[in-house]
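For reference, final.cif (mmCIF, C-alpha atoms):
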```cif
data_run
#
loop_
_atom_site.label_atom_id
_atom_site.label_comp_id
_atom_site.auth_asym_id
_atom_site.auth_seq_id
_atom_site.Cartn_x
_atom_site.Cartn_y
_atom_site.Cartn_z
CA ALA Q 3 112.61 -52.38 151.71
CA GLN Q 4 115.08 -49.67 152.52
CA THR Q 5 117.96 -48.94 150.18
CA VAL Q 6 121.08 -46.82 150.52
CA THR Q 7 122.87 -45.34 147.51
CA GLN Q 8 126.38 -43.93 147.36
CA SER Q 9 126.85 -42.60 143.85
CA GLN Q 10 130.55 -41.71 144.16
CA PRO Q 11 132.74 -44.84 143.87
CA GLU Q 12 135.85 -42.77 144.52
CA MET Q 13 136.74 -39.27 145.68
CA SER Q 14 140.06 -37.47 145.97
CA VAL Q 15 141.13 -34.67 148.28
CA GLN Q 16 144.35 -32.97 149.23
CA GLU Q 17 145.56 -32.73 152.76
CA ALA Q 18 143.99 -29.88 154.73
CA GLU Q 19 141.19 -29.52 152.19
CA THR Q 20 137.50 -30.32 152.65
CA VAL Q 21 135.62 -33.11 150.92
CA THR Q 22 131.97 -34.14 150.92
CA LEU Q 23 130.76 -37.69 150.41
CA SER Q 24 127.19 -38.19 149.21
CA CYS Q 25 124.57 -40.64 150.38
CA THR Q 26 120.88 -40.96 149.59
CA TYR Q 27 118.44 -43.46 150.97
CA ASP Q 28 114.94 -44.64 150.35
CA THR Q 29 112.49 -45.42 153.13
CA SER Q 30 108.85 -45.01 154.00
CA GLU Q 31 109.61 -44.78 157.70
CA SER Q 32 109.79 -41.56 159.68
CA ASP Q 33 111.95 -42.78 162.54
CA TYR Q 34 115.39 -44.17 161.79
CA TYR Q 35 119.12 -43.75 162.26
CA LEU Q 36 121.83 -43.00 159.77
CA PHE Q 37 125.52 -43.79 160.11
CA TRP Q 38 128.81 -43.24 158.41
CA TYR Q 39 131.38 -45.98 158.90
CA LYS Q 40 135.01 -45.85 157.87
CA GLN Q 41 136.85 -48.94 156.66
CA PRO Q 42 140.64 -48.39 156.51
CA PRO Q 43 143.02 -50.87 154.84
CA SER Q 44 142.85 -53.03 157.97
CA ARG Q 45 139.17 -53.51 156.93
CA GLN Q 46 137.74 -53.10 160.41
CA MET Q 47 134.56 -51.01 160.29
CA ILE Q 48 134.85 -47.93 162.48
CA LEU Q 49 131.92 -45.70 163.36
CA VAL Q 50 132.51 -42.13 162.23
CA ILE Q 51 129.24 -40.42 163.00
CA ARG Q 52 125.59 -41.13 163.67
CA GLN Q 53 122.39 -39.14 163.12
CA GLU Q 54 118.95 -39.68 164.59
CA ALA Q 55 116.23 -38.82 162.08
CA TYR Q 56 114.10 -37.05 164.68
CA LYS Q 57 116.87 -34.56 165.35
CA GLN Q 58 116.97 -31.54 163.07
CA GLN Q 59 120.45 -30.57 164.16
CA ASN Q 60 123.24 -32.07 162.06
CA ALA Q 61 125.64 -34.32 163.95
CA THR Q 62 129.30 -33.34 164.25
CA GLU Q 63 132.35 -35.22 165.51
CA ASN Q 64 135.50 -33.11 165.45
CA ARG Q 65 136.43 -32.74 161.75
CA PHE Q 66 133.46 -34.79 160.58
CA SER Q 67 129.99 -33.38 160.11
CA VAL Q 68 126.88 -34.37 158.22
CA ASN Q 69 124.30 -32.53 156.16
CA PHE Q 70 121.05 -34.35 156.90
CA GLN Q 71 118.18 -33.41 154.61
CA LYS Q 72 115.26 -35.57 155.72
CA ALA Q 73 112.78 -34.46 153.07
CA ALA Q 74 115.32 -35.08 150.33
CA LYS Q 75 116.47 -38.32 152.00
CA SER Q 76 120.04 -37.17 151.76
CA PHE Q 77 122.84 -37.72 154.27
CA SER Q 78 126.23 -36.39 153.18
CA LEU Q 79 129.48 -36.51 155.15
CA LYS Q 80 131.84 -33.56 155.21
CA ILE Q 81 135.44 -34.07 156.22
CA SER Q 82 137.27 -30.87 157.04
CA ASP Q 83 141.03 -30.41 157.22
CA SER Q 84 141.56 -33.80 155.56
CA GLN Q 85 144.44 -35.92 156.83
CA LEU Q 86 146.34 -38.79 155.26
CA GLY Q 87 144.78 -41.08 157.86
CA ASP Q 88 141.34 -40.30 156.50
CA ALA Q 89 142.06 -42.37 153.41
CA ALA Q 90 139.66 -45.30 153.53
CA MET Q 91 136.39 -46.69 152.25
CA TYR Q 92 133.41 -44.85 153.68
CA PHE Q 93 130.05 -46.55 154.01
CA CYS Q 94 126.71 -44.93 154.64
CA ALA Q 95 124.22 -47.08 156.55
CA TYR Q 96 120.56 -46.96 157.55
CA ARG Q 97 118.76 -48.57 160.45
CA SER Q 98 115.10 -48.51 161.26
CA ALA Q 99 114.12 -47.28 164.72
CA THR Q 100 110.65 -48.74 164.56
CA THR Q 101 111.32 -52.43 164.02
CA GLY Q 102 112.46 -54.63 166.84
CA PHE Q 103 115.46 -55.86 164.96
CA GLN Q 104 118.32 -53.47 164.36
CA LYS Q 105 119.37 -54.39 160.84
CA LEU Q 106 121.88 -52.12 159.15
CA VAL Q 107 121.48 -51.51 155.43
CA PHE Q 108 124.71 -50.38 153.79
CA GLY Q 109 125.55 -48.50 150.63
CA THR Q 110 128.27 -49.76 148.30
CA GLY Q 111 130.86 -47.36 149.67
CA THR Q 112 133.05 -44.48 148.51
CA ARG Q 113 136.80 -44.81 148.39
CA LEU Q 114 138.48 -41.64 149.65
CA LEU Q 115 142.00 -40.90 148.45
CA VAL Q 116 144.02 -38.28 150.29
CA SER Q 117 147.11 -36.80 148.67
CA PRO Q 118 149.87 -34.77 150.36
CA SER U 29 135.22 -51.43 178.08
CA GLN U 30 133.84 -53.79 175.50
CA THR U 31 135.93 -55.58 172.90
CA ILE U 32 135.05 -57.92 170.08
CA HIS U 33 137.35 -60.62 168.75
CA GLN U 34 137.27 -62.67 165.59
CA TRP U 35 139.43 -65.55 164.50
CA PRO U 36 141.05 -66.58 162.43
CA ALA U 37 142.07 -63.33 160.78
CA THR U 38 142.77 -65.04 157.47
CA LEU U 39 141.71 -68.40 156.10
CA VAL U 40 142.31 -70.21 152.83
CA GLN U 41 140.14 -73.27 152.30
CA PRO U 42 139.49 -75.66 149.41
CA VAL U 43 136.06 -75.98 147.86
CA GLY U 44 133.98 -78.56 149.68
CA SER U 45 135.78 -78.21 153.00
CA PRO U 46 134.02 -77.23 156.25
CA LEU U 47 134.19 -73.80 157.84
CA SER U 48 134.08 -72.45 161.36
CA LEU U 49 134.57 -68.76 162.16
CA GLU U 50 134.34 -67.56 165.71
CA CYS U 51 133.36 -64.25 167.26
CA THR U 52 133.41 -63.37 170.94
CA VAL U 53 132.52 -60.21 172.81
CA GLU U 54 133.99 -59.17 176.13
CA GLY U 55 132.82 -56.65 178.68
CA THR U 56 129.08 -56.91 178.17
CA SER U 57 126.24 -59.36 178.66
CA ASN U 58 123.31 -60.38 176.48
CA PRO U 59 124.53 -58.55 173.38
CA ASN U 60 122.83 -58.68 170.01
CA LEU U 61 125.25 -60.35 167.61
CA TYR U 62 125.52 -60.13 163.83
CA TRP U 63 127.42 -61.76 160.98
CA TYR U 64 128.01 -59.72 157.83
CA ARG U 65 129.77 -60.60 154.60
CA GLN U 66 131.56 -58.18 152.34
CA ALA U 67 132.33 -59.36 148.82
CA ALA U 68 135.19 -57.67 146.97
CA GLY U 69 134.31 -54.06 146.15
CA ARG U 70 130.87 -54.32 147.70
CA GLY U 71 129.05 -53.14 150.77
CA LEU U 72 128.16 -55.32 153.72
CA GLN U 73 125.38 -57.87 153.57
CA LEU U 74 123.77 -59.12 156.76
CA LEU U 75 123.85 -62.91 157.00
CA PHE U 76 122.65 -63.78 160.49
CA TYR U 77 121.70 -62.11 163.72
CA SER U 78 121.06 -63.33 167.24
CA VAL U 79 119.30 -61.75 170.19
CA GLY U 80 120.16 -64.51 172.65
CA ILE U 81 121.62 -67.97 173.22
CA GLY U 82 120.28 -70.41 170.67
CA GLN U 83 118.27 -67.70 168.89
CA ILE U 84 119.43 -67.30 165.31
CA SER U 85 117.74 -65.55 162.43
CA SER U 86 118.87 -65.79 158.84
CA GLU U 87 118.62 -62.93 156.41
CA VAL U 88 119.87 -64.65 153.28
CA PRO U 89 119.35 -68.33 152.41
CA GLN U 90 122.75 -69.79 151.57
CA ASN U 91 125.38 -72.35 152.24
CA LEU U 92 126.16 -71.00 155.69
CA SER U 93 124.75 -71.44 159.18
CA ALA U 94 125.27 -69.73 162.52
CA SER U 95 125.11 -70.78 166.14
CA ARG U 96 125.29 -69.07 169.50
CA PRO U 97 126.34 -71.64 172.08
CA GLN U 98 127.17 -69.05 174.75
CA ASP U 99 125.95 -65.57 175.55
CA ARG U 100 128.95 -63.81 174.05
CA GLN U 101 129.99 -66.31 171.39
CA PHE U 102 128.76 -66.40 167.81
CA ILE U 103 129.93 -68.98 165.29
CA LEU U 104 129.59 -69.02 161.51
CA SER U 105 129.79 -72.43 159.87
CA SER U 106 129.53 -74.31 156.65
CA LYS U 107 129.59 -78.04 155.92
CA LYS U 108 130.89 -77.58 152.37
CA LEU U 109 132.37 -74.33 151.14
CA LEU U 110 131.63 -72.93 147.70
CA LEU U 111 133.79 -70.57 145.67
CA SER U 112 131.12 -67.92 146.15
CA ASP U 113 131.65 -68.05 149.92
CA SER U 114 134.91 -66.14 149.53
CA GLY U 115 134.84 -62.71 151.11
CA PHE U 116 135.44 -60.72 154.22
CA TYR U 117 133.33 -61.73 157.21
CA LEU U 118 132.59 -59.25 159.93
CA CYS U 119 131.00 -59.87 163.30
CA ALA U 120 129.24 -57.01 165.07
CA TRP U 121 127.51 -56.45 168.38
CA ASN U 122 125.33 -53.96 170.16
CA ARG U 123 123.45 -53.75 173.39
CA ASP U 124 119.89 -54.93 173.57
CA ARG U 125 118.54 -51.42 173.28
CA GLY U 126 116.88 -49.90 170.26
CA THR U 127 119.14 -46.89 170.06
CA ASP U 128 122.48 -48.58 170.31
CA THR U 129 125.10 -48.45 167.58
CA GLN U 130 126.63 -51.62 166.16
CA TYR U 131 130.36 -52.10 166.68
CA PHE U 132 132.40 -54.34 164.45
CA GLY U 133 135.18 -56.83 164.98
CA PRO U 134 138.41 -56.94 162.97
CA GLY U 135 137.00 -59.40 160.45
CA THR U 136 138.10 -62.66 158.79
CA ARG U 137 139.28 -62.80 155.19
CA LEU U 138 138.14 -66.10 153.67
CA THR U 139 139.45 -67.33 150.35
CA VAL U 140 137.94 -70.47 148.88
CA LEU U 141 140.05 -72.07 146.15
#
```

Do you think you could lay out the structure here as structure tokens?
Amino acid sequence: AQTVTQSQPEMSVQEAETVTLSCTYDTSESDYYLFWYKQPPSRQMILVIRQEAYKQQNATENRFSVNFQKAAKSFSLKISDSQLGDAAMYFCAYRSATTGFQKLVFGTGTRLLVSP
Amino acid sequence: SQTIHQWPATLVQPVGSPLSLECTVEGTSNPNLYWYRQAAGRGLQLLFYSVGIGQISSEVPQNLSASRPQDRQFILSSKKLLLSDSGFYLCAWNRDRGTDTQYFGPGTRLTVL
């Protein structure tokens, strides 16, 4: 079974600075998707960014980018120019692309604190 | 555009009482639907998923059940709640395509006393 590990329970960053959240995963599959979701205090899960494993190019969405290292099974999220609104729980998630059912496997999350 | 609704937003129930949480999706047809639970300080755990009306699969054996009476409606139920059922319940959907991302509803906070 696939597992996702987020080893940083909490991270802190100052406004306008850059922070990187770590995620590692374990799988025997070669084709899959990886996601970062943000959960603000409202607790609704919001998609931040998505990466297809077959793509070598790292995904970017405005201030958010990933460092996808397939051989190392690592998928970190970099937030540039941090803003107060970035404060939230961040979850890394994995989904197989080869099975018919699209189950998401989540890590335990990293709480990001942003200070002025 | 598509939207997903959940209600109620918050619920406090006594142990042993029944439960019914509802999720509906607008703006799409034949979605895949999912129920997740998030315990305090934990990640999300998939409870049930459905690929069509009346088609329910369970990921974790427990005190809960799910039903899909209509194409865009997904219901989470229990006949008798346990303390351990407390948590945050999230419904999600995606299109019936292998590459599609799951999108989440606003969630229901359930407290069992």

Report as a count of residues only the set of chain U residues whose atoms approach chain Q to within 6 Å, with distances computed over only C-alpha atoms.
4

Taking only C-alpha atoms into account, name the residue in U:Gly80, U:Pro36, U:Gly135, U:Gly44 that is nearest to Gly115 (chain U).
U:Gly135

Applying 6 Å and all atoms listed in the file, which residues near region 54-67 of chain U remain after dropping the ones on its own chain fewer than 3 positions away? List them as a count of residues only.
24

Which residues are close to Lys72 (chain Q), i.e. within 9 Å by only C-alpha atoms, leaving aside same-chain residues fewer than 3 positions away? Reply as a list in words.
Ala55, Gln58, Lys75, Ser76 and Phe77 of chain Q

Using all atoms listed in the file, what residues lie at most 12 Å away from (133.2, -31.0, 163.8) (file coordinates), given as a PDB file with C-alpha atoms, keeping the file's coordinate frame?
```
ATOM      1  CA  THR Q  20     137.500 -30.320 152.650  1.00  0.00           C
ATOM      2  CA  VAL Q  50     132.510 -42.130 162.230  1.00  0.00           C
ATOM      3  CA  ILE Q  51     129.240 -40.420 163.000  1.00  0.00           C
ATOM      4  CA  ASN Q  60     123.240 -32.070 162.060  1.00  0.00           C
ATOM      5  CA  ALA Q  61     125.640 -34.320 163.950  1.00  0.00           C
ATOM      6  CA  THR Q  62     129.300 -33.340 164.250  1.00  0.00           C
ATOM      7  CA  GLU Q  63     132.350 -35.220 165.510  1.00  0.00           C
ATOM      8  CA  ASN Q  64     135.500 -33.110 165.450  1.00  0.00           C
ATOM      9  CA  ARG Q  65     136.430 -32.740 161.750  1.00  0.00           C
ATOM     10  CA  PHE Q  66     133.460 -34.790 160.580  1.00  0.00           C
ATOM     11  CA  SER Q  67     129.990 -33.380 160.110  1.00  0.00           C
ATOM     12  CA  VAL Q  68     126.880 -34.370 158.220  1.00  0.00           C
ATOM     13  CA  ASN Q  69     124.300 -32.530 156.160  1.00  0.00           C
ATOM     14  CA  LEU Q  79     129.480 -36.510 155.150  1.00  0.00           C
ATOM     15  CA  LYS Q  80     131.840 -33.560 155.210  1.00  0.00           C
ATOM     16  CA  ILE Q  81     135.440 -34.070 156.220  1.00  0.00           C
ATOM     17  CA  SER Q  82     137.270 -30.870 157.040  1.00  0.00           C
ATOM     18  CA  ASP Q  83     141.030 -30.410 157.220  1.00  0.00           C
TER      19      ASP Q  83
END
```

Q:Tyr96, Q:Ser84, Q:Leu114, Q:Ala90 ranked by distance to Glu12 (chain Q), top pick (using all atoms listed in the file):
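That would be Q:Leu114, the residue with the smallest distance to Glu12 (chain Q).
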
Please report the interatomic distance between CA of Arg137 (chain U) and CA of Ala68 (chain U) in Å with one decimal.
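So the answer is 10.5 Å.
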
Nearest candidate to Gln71 (chain Q) (options Q:Met13, Q:Cys25, Q:Ser30, Q:Val116; using only C-alpha atoms)
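When distances to Gln71 (chain Q) are compared using only C-alpha atoms, the smallest one comes from Q:Cys25.
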
Quick one, how far is CA of Ile32 (chain U) from CA of Thr136 (chain U)?
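Pair CA of Ile32 (chain U) / CA of Thr136 (chain U) returns 12.6 Å.
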
How many Å lie between CA of Glu31 (chain Q) and CA of Ile84 (chain U), rounded to one decimal?
25.7 Å

I'd like to see the residues matched by the PyMOL selection byres ((chain U and resi 34) around 6) on this file, and ideally I'd get them as a PyMOL selection string.
chain U and resi 33+35+50-51

So which residues get picked by the PyMOL selection byres ((chain U and resi 114) around 7) here, written as a list in words?
Leu111, Ser112, Asp113, Gly115, Leu138, Thr139 and Val140 of chain U

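Neighbours of region 96-98 of chain U closer than or equal to 7 Å, with all atoms listed in the file counted and sequence neighbours fewer than 5 positions away skipped, come out as Ile81, Gly82 and Ile103 of chain U.
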
Reconstructed region 94-105 of chain U, atom set N, CA, C and O atoms, as a PDB file, keeping the file's coordinate frame:
```pdb
ATOM      1  N   ALA U  94     124.691 -70.409 161.355  1.00  0.00           N
ATOM      2  CA  ALA U  94     125.270 -69.730 162.520  1.00  0.00           C
ATOM      3  C   ALA U  94     124.740 -70.379 163.788  1.00  0.00           C
ATOM      4  O   ALA U  94     123.647 -70.954 163.802  1.00  0.00           O
ATOM      5  N   SER U  95     125.539 -70.275 164.841  1.00  0.00           N
ATOM      6  CA  SER U  95     125.110 -70.780 166.140  1.00  0.00           C
ATOM      7  C   SER U  95     125.604 -69.851 167.232  1.00  0.00           C
ATOM      8  O   SER U  95     126.588 -69.124 167.062  1.00  0.00           O
ATOM      9  N   ARG U  96     124.910 -69.895 168.343  1.00  0.00           N
ATOM     10  CA  ARG U  96     125.290 -69.070 169.500  1.00  0.00           C
ATOM     11  C   ARG U  96     125.249 -69.971 170.727  1.00  0.00           C
ATOM     12  O   ARG U  96     124.261 -70.010 171.456  1.00  0.00           O
ATOM     13  N   PRO U  97     126.329 -70.687 170.970  1.00  0.00           N
ATOM     14  CA  PRO U  97     126.340 -71.640 172.080  1.00  0.00           C
ATOM     15  C   PRO U  97     126.465 -70.975 173.460  1.00  0.00           C
ATOM     16  O   PRO U  97     126.041 -71.559 174.461  1.00  0.00           O
ATOM     17  N   GLN U  98     127.031 -69.788 173.496  1.00  0.00           N
ATOM     18  CA  GLN U  98     127.170 -69.050 174.750  1.00  0.00           C
ATOM     19  C   GLN U  98     126.729 -67.606 174.534  1.00  0.00           C
ATOM     20  O   GLN U  98     126.637 -67.139 173.395  1.00  0.00           O
ATOM     21  N   ASP U  99     126.505 -66.928 175.623  1.00  0.00           N
ATOM     22  CA  ASP U  99     125.950 -65.570 175.550  1.00  0.00           C
ATOM     23  C   ASP U  99     126.765 -64.640 174.671  1.00  0.00           C
ATOM     24  O   ASP U  99     126.221 -63.826 173.926  1.00  0.00           O
ATOM     25  N   ARG U 100     128.097 -64.760 174.757  1.00  0.00           N
ATOM     26  CA  ARG U 100     128.950 -63.810 174.050  1.00  0.00           C
ATOM     27  C   ARG U 100     129.771 -64.480 172.947  1.00  0.00           C
ATOM     28  O   ARG U 100     130.826 -63.975 172.549  1.00  0.00           O
ATOM     29  N   GLN U 101     129.290 -65.593 172.435  1.00  0.00           N
ATOM     30  CA  GLN U 101     129.990 -66.310 171.390  1.00  0.00           C
ATOM     31  C   GLN U 101     129.058 -66.555 170.216  1.00  0.00           C
ATOM     32  O   GLN U 101     127.925 -67.025 170.382  1.00  0.00           O
ATOM     33  N   PHE U 102     129.561 -66.256 169.018  1.00  0.00           N
ATOM     34  CA  PHE U 102     128.760 -66.400 167.810  1.00  0.00           C
ATOM     35  C   PHE U 102     129.629 -67.094 166.776  1.00  0.00           C
ATOM     36  O   PHE U 102     130.755 -66.656 166.507  1.00  0.00           O
ATOM     37  N   ILE U 103     129.129 -68.175 166.198  1.00  0.00           N
ATOM     38  CA  ILE U 103     129.930 -68.980 165.290  1.00  0.00           C
ATOM     39  C   ILE U 103     129.247 -69.046 163.926  1.00  0.00           C
ATOM     40  O   ILE U 103     128.034 -69.257 163.835  1.00  0.00           O
ATOM     41  N   LEU U 104     130.052 -68.886 162.895  1.00  0.00           N
ATOM     42  CA  LEU U 104     129.590 -69.020 161.510  1.00  0.00           C
ATOM     43  C   LEU U 104     130.179 -70.295 160.930  1.00  0.00           C
ATOM     44  O   LEU U 104     131.386 -70.506 161.028  1.00  0.00           O
ATOM     45  N   SER U 105     129.332 -71.120 160.336  1.00  0.00           N
ATOM     46  CA  SER U 105     129.790 -72.430 159.870  1.00  0.00           C
ATOM     47  C   SER U 105     129.293 -72.744 158.481  1.00  0.00           C
ATOM     48  O   SER U 105     128.327 -72.151 158.001  1.00  0.00           O
TER      49      SER U 105
END
```
